[in-house]
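**Student:** Encoded as structure tokens, here's the structure I'll be asking about.
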Amino acid sequence: MSDDIPANPLAWHSVKALSLADMEAIAEEAFRRLPDKFRALCGDLVIQVDDFPTEEVVREMRLQSDFDILGLFQGVGLPFQSNSDSGRMPNMIWLYRRPILDYWAEHEETLGAIITHVLVHEIGHHFGLSDDDMEAIEASVE
């Protein structure tokens, strides 16, 4: 048994699942740990945590299940924005709590590393970055 897991089952009686607010706090901390220059370019980016994607997202992305997506960028990426854009909603990154927790349960990664990965990946879409660029940014956080 791992050193950080209590051997006494009664020690678990008060442990609760990670809430939306808990995951949002982890995501905010992960965002704060990203390189300053990268964060500064995010501008009006909004990070939102929800249990699952909406039915509309599931349908539009042709997902087989609500668990098939960990996060989503919605908006107009910086490379595609124009000064004539007016009245548009802020760009948003959605992190989906239940699929992330399910992924965490099935893999050897820490929850913080998974959330950071999803966040960097979705912000990468915001900037139109390549997978190599995103990997380099993610590596700089660790």
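We name chains A, B, ... following the order of the structure tokens; residues begin at 1 in each chain, and ligands are numbered from 1 as shown.
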Among range 8-132 of chain A, which ones does DSSP place in strand (DSSP E or B), written as a list in words?
**Tutor:** Val46, Ile47, Gln48, Val49, Asp50, Gly71, Leu72, Phe73, Gln74, Met92, Ile93, Trp94, Leu95 and Tyr96 of chain A
**Student:** Please give the complete set of residues from range 46-118 of chain A that DSSP, run on the backbone, assigns to alpha helix (DSSP H), formatted as number ranges by chain.
**Tutor:** A: 55-60, 97-106, 111-118
**Student:** So, with only C-alpha atoms as the atoms that count, which of A:Glu29, A:Glu122, A:Asp68, A:Asp133 lies closest to Leu45 in chain A?
**Tutor:** A:Glu122
**Student:** Return the single residue from A:Asn8, A:Arg39, A:Ala27, A:Asp22 that is closest to Ile114 in chain A, with distances computed using only C-alpha atoms.
**Tutor:**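 So, comparing all the options, the nearest one is A:Ala27.
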**Student:** CA of Glu60 in chain A to CA of Arg97 in chain A: how many Å, to one decimal?
**Tutor:** 19.8 Å
**Student:** For Val141 in chain A, which residue out of A:Pro90, A:Gly112, A:Pro99, A:Pro35 is the nearest one, using only C-alpha atoms?
**Tutor:** A:Pro35
**Student:** Show which residues sit within 6 Å of Gly71 in chain A, as number ranges by chain. Count only C-alpha atoms, and ignore same-chain residues fewer than 4 positions away.
**Tutor:** A: 94-96
**Student:** Kindly export the residues of the current selection with C-alpha atoms, as an mmCIF file, in the first residue's frame.
**Tutor:**
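Here's the written file selection_1.cif:
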```
data_model
loop_
_atom_site.group_PDB
_atom_site.id
_atom_site.type_symbol
_atom_site.label_atom_id
_atom_site.label_comp_id
_atom_site.auth_asym_id
_atom_site.auth_seq_id
_atom_site.Cartn_x
_atom_site.Cartn_y
_atom_site.Cartn_z
ATOM 1 C CA TRP A 94 -14.072 24.185 -20.753
ATOM 2 C CA LEU A 95 -12.624 21.514 -18.484
ATOM 3 C CA TYR A 96 -14.944 18.552 -17.910
#
```
**Student:** In Å, rounded to a single decimal, give me how far CA of Val46 in chain A is from CA of Ala21 in chain A.
**Tutor:**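 CA of Val46 in chain A lies 14.8 Å from CA of Ala21 in chain A.
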**Student:** Please identify all polymer residues within 9 Å of Phe67 in chain A, counting only C-alpha atoms, omitting same-chain residues fewer than 4 positions from it, and present them as a list in words.
**Tutor:**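 Listing them by chain and then by number gives Phe52, Pro53, Leu63, Tyr96, Arg98, Pro99, Ile100, Asp102 and Tyr103 of chain A.
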**Student:** Just how far from CA of Val57 in chain A is CA of Cys42 in chain A, in Å to one decimal?
**Tutor:** 23.0 Å
**Student:** Which of these, A:Ile93, A:Glu56, A:Ile123, A:Thr116, has the shortest distance to Ala40 in chain A once you count only C-alpha atoms?
**Tutor:**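 Closest to Ala40 in chain A, using only C-alpha atoms: A:Ile123.
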**Student:** Which polymer residues have any atom within 10 Å of an atom of Gly124 in chain A, counting only C-alpha atoms, with same-chain residues fewer than 4 positions away left out, as JSON, numbers by chain?
**Tutor:** {"A": [38, 73, 77, 118, 119, 120, 128, 129, 130, 131, 133, 134, 135, 137]}
**Student:** For Gly75 in chain A, list every protein, DNA or RNA residue within 8 Å, evaluated using only C-alpha atoms, and leave out those in the same chain fewer than 3 positions away; present the list as a ChimeraX atom specification.
**Tutor:** /A:89-92,126
